[in-house]
Amino acid sequence: MTLSLGLQLAIAGISVGSIYALVALAIVIPFKSSGVLNFGQGEIVTLGAYLALILTQLALPYPMVIAGVVLLGAAGGVVIERVLIRPIVKAPEFTLVIATFAIGLLIKGVISIRFGDSPNTIDGPFGTEPIVAAGLRFNPTSLWIFVCTALVTIGVILFLHSTRLGKAMRAVSVNPDAARLMGIRVETVYRWSWAISTAIGALAGLLVAPLIGINPEIGQLILRGLLAAVIGGFTSIPGAIVGGLAVGLIETFSGVLIGSTFKNLVPFILLMALLVFRPQGLFGAGEIKRV
Amino acid sequence: MRSHRRMILALLAVLLLAAAASTLGSYPVYLMSLAMINVIAAIGLNLLTGNSGQISLCHSSFIAMGAYGSTLLTARYGVPFWAAIPLGALLAALMGALLGAPASRLRGIYLALATLGFLQIVQIAIEEFADVTGGVRGLIVPKAALGGVRMSEYARFLIVLGCCMLAIWTARNLLLSRVGRELNAVRLSPHAAQALGVSVHRVKLAAFALSAAYAGVAGGLQAIVVGFIDPVEFGVSAALRQITFIVVGGMGSVGGSVIGAAVLSALPEALRPVKEYSDVIYTLLLLGFLIFLPHGLVTFWQVIARRLRRYSPTAAAEARP
């Protein structure tokens with residue numbers, strides 16, 4: 001493999017990896033604060049893509065589309081948390097896994113009824129003309145995705161470390177009972193963690209739509225996002241980002257190195273191996289649940 | 001004496017079902033066969049999830065193994081279906097044990113993730129090894145024959161009925177035996193079970209193999225009844241459908257598996273006028289049960305009775321000292 005091919009692949013890997021990183025981030029945030037792993041997060045991404053489609057068809061300018069998708073995504077998260085998650089947040093883990101899964105299928109089902117299975121597309125903000133620099137070709141959309149992921153990550157880290165609500169969120173993730181005794185409204189923290197998570201998920205849908213098109217199956221992305229979260233150790237924000245980029249790179253390079261037949265198997269074999277040998281991930285030091 | 005009477009009642013019910021089916025057309029008989037196949041699969045999943053307390057998002061993969069295993073044995077090596085189905089189930093059970101060995105050490109979301117990963121691996125394997133499995137285009141199942149005579153829809157129904165009764169009977173007895181008590185003990189308190197000398201890891205592994213075996217039988221029967229298999233039938237949504245059976249019916253109870261699978265198998269037919277909404281209705285039902293009736297339909301009357309007692313004036317008066 002030549003150096004320029006390698007670099008070209010690395011760029012492609014990082015750009016899809018950025019999407020996986022966003023999905024992983026959206027999975028990790030509510031898990032950190034409330035211990036609920038949202039298996040329906042993939043369909044939040046689908047929802048974001050369709051919201052972007054609707055807003056674009058209304059001929060809104062791109063910044064307005066972004067704002068609309070993020071706000072509506074956050075509102076969706078607040079509704080889901082209040083109506084479906086809060087009644088069962090103390091239920092056994094099985095209930096939460098299946099319920100979040102079902103929420104995803106519900107969103108997918110409604111989208112399929114409303115829009116059918118036919119694919120749609122929207123354009124990225126900077127067109128499709130590749131940028132050529134130093135003999136390498138960049139897809140402007142890929143670059144834009146990477147920039148957005150970086151901004152979101154920095155935003156989330158700043159939020160968690162320097163705002164009152166962010167600090168409350170971290171306190172709740174360490175010990176919800178102690179946090180409650182200190183006067184933190186745990187329910188408010190849960191609600192905001194869901195709002196932030198679904199806003200990020202919806203944004204990921206908006207960003208990925210120009211690359212892969214809009215159809216009800218976008219939610220499949222969650223499998224890569226989950227793998228990224230597992231690599232990152234499930235509770236680590238930087239871990240989720242590194243995990244996402246790693247999954248993107250592994251996927252792109254394995255396609256070239258071992259052929260497309262087994263390319264799709266690699267992430268799942270990696271997932272199983274990690275869960276068996278290192279369930280705390282490569283970054284997390286979190287508790288290991290072994291019997 | 002009591003169990004004898006129940007046995008006779010059950011036999012009578014089965015004979016009645018078989019007699020009723022003989023008067024029906026082939027489509028309703030086909031639907032009844034499918035419903036009973038769902039019952040077999042649900043019984044297997046319920047032993048794993050309801051009794052031993054392990055989440056599985058890959059039950060449909062074991063159904064796939066039974067279906068593909070038995071179909072390939074018949075199509076390639078001419079093994080008759082009555083031998084191919086048990087062999088397919090054996091294959092599924094072995095794969096269940098293979099997955100169970102590492103997976104039974106995981107809990108909660110980690111187990112959910114591992115089984116989800118396993119489902120994807122099986123799914124991709126079926127799609128990629130198209131020379132053997134037919135890939136995404138699927139595989140036509142050879143018509144099941146007995147003594148050189150092709151079986152009718154009703155004959156296939158009788159075989160499914162027999163297998164279903166066998167599944168109910170074995171699962172019931174299993175749960176009443178030492179194995180069943182161990183499964184429940186492992187769910188309710190793994191530490192206490194361990195302290196009492198139950199090998200938690202071994203029991204959990206056995207639960208995986210056992211549930212996969214039921215799934216394998218269901219898969220083999222599904223192949224001969226439907227006559228066609230493709231990977232779409234065995235994906236995540238199928239796995240979630242089987243989970244819905246046991247959640248709606250009742251976790252950890254054979255009766256729950258039967259009721260849940262039977263009721264929900266009839267649902268698509270009932271929802272035929274609003275077909276495009278059936279997925280959404282199905283999912284809403286699952287969510288509704290998880291939130292409002294988490295122990296399933298088998299506890300429906302208890303819950304209603306409790307509610308009524310709470311509101312009836314006589315009960316309130318009795319409750320007062």
# chains A, B, ... in the order shown; residues from 1 in each chain; ligands from 1

call {"tool": "closest_atom_pairs", "arguments": {"of": "region 31-98 of chain B", "to": "region 83-92 of chain A", "cutoff": "12 Å", "atoms": "only C-alpha atoms", "output": "CSV"}}
result
residue,atom,partner,partner_atom,distance
B:Gly53,CA,A:Pro92,CA,10.2
B:Gln54,CA,A:Pro92,CA,11.4
B:Ile55,CA,A:Pro92,CA,10.9

call {"tool": "write_last_selection", "arguments": {"atoms": "N, CA and C atoms", "output": "JSON list (two decimals), in the first residue's frame"}}
result
[["chain", "number", "residue", "atom", "x", "y", "z"],
["B", 53, "GLY", "N", -32.54, -15.73, 33.57],
["B", 53, "GLY", "CA", -32.32, -14.29, 33.71],
["B", 53, "GLY", "C", -31.29, -13.69, 32.79],
["B", 54, "GLN", "N", -31.04, -14.33, 31.64],
["B", 54, "GLN", "CA", -30.04, -13.78, 30.72],
["B", 54, "GLN", "C", -30.72, -13.17, 29.50],
["B", 55, "ILE", "N", -30.35, -11.93, 29.18],
["B", 55, "ILE", "CA", -30.89, -11.27, 27.99],
["B", 55, "ILE", "C", -30.30, -11.95, 26.76]]

call {"tool": "residues_around", "arguments": {"residues": "Asn38 (chain A)", "least_positions_apart": "5", "cutoff": "9 Å", "atoms": "only C-alpha atoms", "output": "list in words"}}
result
Ala26, Ile27, Val28, Pro30, Phe31, Leu96, Val97, Ala99, Thr100, Phe101 and Gly104 of chain A

call {"tool": "write_last_selection", "arguments": {"atoms": "C-alpha atoms", "output": "PDB file, in the first residue's frame"}}
result
ATOM      1  CA  ALA A  26     -24.829  10.127  22.258  1.00  0.00           C
ATOM      2  CA  ILE A  27     -24.868   6.606  23.724  1.00  0.00           C
ATOM      3  CA  VAL A  28     -22.370   7.330  26.484  1.00  0.00           C
ATOM      4  CA  PRO A  30     -27.185   9.176  29.240  1.00  0.00           C
ATOM      5  CA  PHE A  31     -25.473   5.926  30.188  1.00  0.00           C
ATOM      6  CA  LEU A  96     -34.568  -1.053  29.894  1.00  0.00           C
ATOM      7  CA  VAL A  97     -32.685  -2.835  27.112  1.00  0.00           C
ATOM      8  CA  ALA A  99     -37.755  -0.798  26.053  1.00  0.00           C
ATOM      9  CA  THR A 100     -35.056   1.341  24.429  1.00  0.00           C
ATOM     10  CA  PHE A 101     -34.859  -1.145  21.580  1.00  0.00           C
ATOM     11  CA  GLY A 104     -36.087   2.702  18.273  1.00  0.00           C
TER      12      GLY A 104
END

call {"tool": "interface_residues", "arguments": {"of": "chain A", "to": "chain B", "cutoff": "7 Å", "atoms": "only C-alpha atoms", "output": "PyMOL selection string"}}
result
chain A and resi 87-88+93-95+99+102+105-106+109-110+113+261+265+268+271-272+275-276+289-291

call {"tool": "select_by_dssp", "arguments": {"residues": "region 12-246 of chain B", "states": "alpha helix (DSSP H)", "output": "PyMOL selection string"}}
result
chain B and resi 12-22+26-46+59-77+81-103+108-128+130-133+153-176+178-188+190-195+200-226+236-246

call {"tool": "select_by_dssp", "arguments": {"residues": "region 116-179 of chain A", "states": "strand (DSSP E or B)", "output": "MDAnalysis selection string"}}
result
chainID A and resid 120 131:133 136:138

call {"tool": "residues_around", "arguments": {"residues": "region 152-166 of chain B", "least_positions_apart": "3", "cutoff": "8 Å", "atoms": "only C-alpha atoms", "output": "list in words"}}
result
Ala18, Ala21, Ser22, Ser26, Val29, Tyr30, Met32, Ser33, Met36, Ile37, Val39, Ile40, Trp169, Thr170, Leu221, Ile224 and Val225 of chain B

call {"tool": "closest_residue", "arguments": {"among": "B:Ala83, B:Leu271, B:Ala239, B:Leu47", "to": "Val179 (chain B)", "atoms": "only C-alpha atoms"}}
result
B:Leu47

call {"tool": "closest_residue", "arguments": {"among": "A:Ile218, A:Val45, A:Met169, A:Ala246", "to": "Ile184 (chain A)", "atoms": "only C-alpha atoms"}}
result
A:Met169

call {"tool": "residues_around", "arguments": {"residues": "Ala168 (chain A)", "least_positions_apart": "5", "cutoff": "12 Å", "atoms": "only C-alpha atoms", "output": "list of chain:residue names"}}
result
A:Ser33, A:Phe159, A:Leu160, A:His161, A:Ser162, A:Thr163, A:Ser173, A:Val174, A:Asn175, A:Pro176, A:Ala178, A:Ala179, A:Arg180, A:Met182, A:Gly183, A:Ile184, A:Arg185, A:Val186, A:Glu187, A:Thr188, A:Val189, A:Tyr190, A:Trp192, A:Ser193

call {"tool": "atom_distance", "arguments": {"atom1": "CA of Ile8 (chain B)", "atom2": "CA of Ser253 (chain B)"}}
result
21.1 Å

call {"tool": "closest_residue", "arguments": {"among": "A:Thr149, A:Ser15, A:Thr141, A:Ser4", "to": "Ile241 (chain A)", "atoms": "only C-alpha atoms"}}
result
A:Thr149

call {"tool": "residues_around", "arguments": {"residues": "region 71-80 of chain A", "least_positions_apart": "3", "cutoff": "6 Å", "atoms": "only C-alpha atoms", "output": "number ranges by chain"}}
result
A: 68, 83-84, 191, 194-195, 198-199, 202

call {"tool": "write_last_selection", "arguments": {"atoms": "N, CA and C atoms", "output": "mmCIF file, in the first residue's frame"}}
result
data_model
loop_
_atom_site.group_PDB
_atom_site.id
_atom_site.type_symbol
_atom_site.label_atom_id
_atom_site.label_comp_id
_atom_site.auth_asym_id
_atom_site.auth_seq_id
_atom_site.Cartn_x
_atom_site.Cartn_y
_atom_site.Cartn_z
ATOM 1 N N GLY A 68 -32.700 23.750 13.850
ATOM 2 C CA GLY A 68 -33.970 23.048 13.961
ATOM 3 C C GLY A 68 -33.787 21.590 14.324
ATOM 4 N N VAL A 83 -41.814 10.262 29.162
ATOM 5 C CA VAL A 83 -42.964 9.382 28.954
ATOM 6 C C VAL A 83 -42.592 7.916 29.093
ATOM 7 N N LEU A 84 -41.429 7.520 28.538
ATOM 8 C CA LEU A 84 -41.152 6.091 28.446
ATOM 9 C C LEU A 84 -40.061 5.603 29.383
ATOM 10 N N ARG A 191 -33.108 14.303 32.521
ATOM 11 C CA ARG A 191 -33.798 14.904 31.384
ATOM 12 C C ARG A 191 -32.796 15.592 30.448
ATOM 13 N N TRP A 194 -30.603 13.209 28.465
ATOM 14 C CA TRP A 194 -31.301 12.667 27.291
ATOM 15 C C TRP A 194 -31.410 13.729 26.205
ATOM 16 N N ALA A 195 -31.713 14.954 26.581
ATOM 17 C CA ALA A 195 -31.853 16.010 25.580
ATOM 18 C C ALA A 195 -30.550 16.198 24.812
ATOM 19 N N THR A 198 -29.896 13.035 22.516
ATOM 20 C CA THR A 198 -30.686 12.921 21.285
ATOM 21 C C THR A 198 -30.390 14.090 20.350
ATOM 22 N N ALA A 199 -30.008 15.256 20.908
ATOM 23 C CA ALA A 199 -29.619 16.362 20.032
ATOM 24 C C ALA A 199 -28.382 15.974 19.228
ATOM 25 N N ALA A 202 -29.361 13.362 16.608
ATOM 26 C CA ALA A 202 -30.057 13.960 15.472
ATOM 27 C C ALA A 202 -29.076 14.723 14.584
#
